[in-house]
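For reference, the structure discussed in these notes is given below.
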Amino acid sequence: MKTIKMSEEINYDRRRFLGTAAMTIAAAQFGMIGSASPSSRVSELALVLPAPPTPLGAYVEASDAGNLLFLSGMLPVVDPKLVFSGRLGENLSVKQGQETARVASLNALAAAKQHLGDLDRLKKLIKLTVLIATTERFTEHAQVADGASNLFAQIFGPQSGHVRLVYGVYSLPIGAPVIVDVIFEIEPVRQSTSKPHQY
């Protein structure tokens, strides 16, 4: 597969969306963590969350149980096209792989926000799984997955940490080079303590 051309086909919003990559990476390197809430950090980093993804099959994008939120695998799509397609080690570089992981992670945040109604109900990232379409000789899986890990560190703070599983596969749905799978810890819905009026 050939890399999707990012030229006249990309509208202004998509160019702005992808253009935040350098700012996000720089902020991760220097630990520029601002306000405590995820929504504030998204604003501080000038990130643009994409439209929430839609399922490709008979499943839902998000499901919560107790204080955990589970998301389906997130693709690196914008508007809603793949940012890149193909395989790492074949037609895609590590840098391009990092960007696809970052975009897939932004889709995860968008899906979480849609499901919860408020991005600030996210407390931390518990587990991150990154699937990468690669050639047999490709060995830089960890560097590609850092595109996702660095973004989540900026949202939740590097001190929160998360466990991670990364592995290479031969192919992924619709030719995607990366899929990101996450489990978040969430704030419970606050119950009203006010008593009902008695008449």
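Chain labels A, B, ... are given in the sequence in which chains occur in the structure tokens; within each chain residues are numbered consecutively from 1, and ligands are likewise numbered from 1 in the order shown.
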
DSSP on the backbone: which residues in range 13-178 of chain A end up as strand (DSSP E)? Give the answer as a ChimeraX atom specification. /A:62-65,68-71,77-78,81-82,122-133,163-169,178

Would you mind exporting C-alpha atoms of the selected residues as a PDB file, in the first residue's frame?
ATOM      1  CA  ALA A  62     -16.692   2.211  24.552  1.00  0.00           C
ATOM      2  CA  SER A  63     -17.986   0.307  27.563  1.00  0.00           C
ATOM      3  CA  ASP A  64     -17.492   1.050  31.257  1.00  0.00           C
ATOM      4  CA  ALA A  65     -17.600  -1.238  34.289  1.00  0.00           C
ATOM      5  CA  LEU A  68     -12.849   1.411  34.408  1.00  0.00           C
ATOM      6  CA  LEU A  69     -13.518   2.495  30.830  1.00  0.00           C
ATOM      7  CA  PHE A  70     -12.658   0.066  28.042  1.00  0.00           C
ATOM      8  CA  LEU A  71     -12.330   1.270  24.462  1.00  0.00           C
ATOM      9  CA  VAL A  77      -8.177   8.324  11.109  1.00  0.00           C
ATOM     10  CA  VAL A  78      -9.070  11.946  10.469  1.00  0.00           C
ATOM     11  CA  LYS A  81      -9.415   8.866   6.377  1.00  0.00           C
ATOM     12  CA  LEU A  82      -6.298   7.055   7.452  1.00  0.00           C
ATOM     13  CA  LEU A 122     -10.864  10.454  33.052  1.00  0.00           C
ATOM     14  CA  LYS A 123      -8.490   9.983  36.009  1.00  0.00           C
ATOM     15  CA  LYS A 124      -5.587   8.157  34.376  1.00  0.00           C
ATOM     16  CA  LEU A 125      -4.547   5.693  31.712  1.00  0.00           C
ATOM     17  CA  ILE A 126      -4.236   2.202  33.193  1.00  0.00           C
ATOM     18  CA  LYS A 127      -3.114   0.110  30.229  1.00  0.00           C
ATOM     19  CA  LEU A 128      -2.037   0.884  26.684  1.00  0.00           C
ATOM     20  CA  THR A 129      -1.815  -1.753  23.957  1.00  0.00           C
ATOM     21  CA  VAL A 130      -0.381  -0.830  20.561  1.00  0.00           C
ATOM     22  CA  LEU A 131      -0.673  -3.116  17.545  1.00  0.00           C
ATOM     23  CA  ILE A 132       1.685  -2.266  14.690  1.00  0.00           C
ATOM     24  CA  ALA A 133       1.631  -3.619  11.138  1.00  0.00           C
ATOM     25  CA  VAL A 163       1.517  -0.363  31.696  1.00  0.00           C
ATOM     26  CA  ARG A 164       2.014  -1.140  28.008  1.00  0.00           C
ATOM     27  CA  LEU A 165       1.932  -4.025  25.579  1.00  0.00           C
ATOM     28  CA  VAL A 166       3.287  -3.569  22.061  1.00  0.00           C
ATOM     29  CA  TYR A 167       3.472  -6.160  19.307  1.00  0.00           C
ATOM     30  CA  GLY A 168       3.770  -6.412  15.554  1.00  0.00           C
ATOM     31  CA  VAL A 169       1.250  -8.031  13.234  1.00  0.00           C
ATOM     32  CA  VAL A 178      -1.328   1.126  14.000  1.00  0.00           C
TER      33      VAL A 178
END

Filtered DSSP result for range 65-185 of chain A, state helix (DSSP H, G or I), as a count of residues only: 45

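Closest approach to Glu140 in chain A among A:Ser93, A:Val48, A:Glu187, A:Gly86: A:Ser93, based on only C-alpha atoms.
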
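The two atoms in question, CA of Thr135 in chain A and CA of Val94 in chain A, are spaced 12.6 Å apart.
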
Kindly indicate which residue among A:Leu116, A:Ile179, A:Leu172, A:Leu106 lies nearest to Leu47 in chain A, using only C-alpha atoms for the distances. A:Leu106

Between A:Asp79, A:Ser105, A:Asn67, A:Ala58, which has the minimum distance to Phe152 in chain A (counting only C-alpha atoms)? A:Ser105

How far is it from CA of Gly147 in chain A to CA of Ala101 in chain A, in Å with one decimal? 5.3 Å

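Excluding Asp146 in chain A itself and same-chain residues fewer than 4 positions from it, the residues having an atom within 8 Å of it are Gln98, Ala101, Ala142 and Asn150 of chain A, counting only C-alpha atoms.
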
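Residue nearest Gln96 in chain A within the list A:Pro53, A:Ala145, A:Glu44, A:Val180: A:Ala145 [criterion: smallest interatomic distance, only C-alpha atoms].
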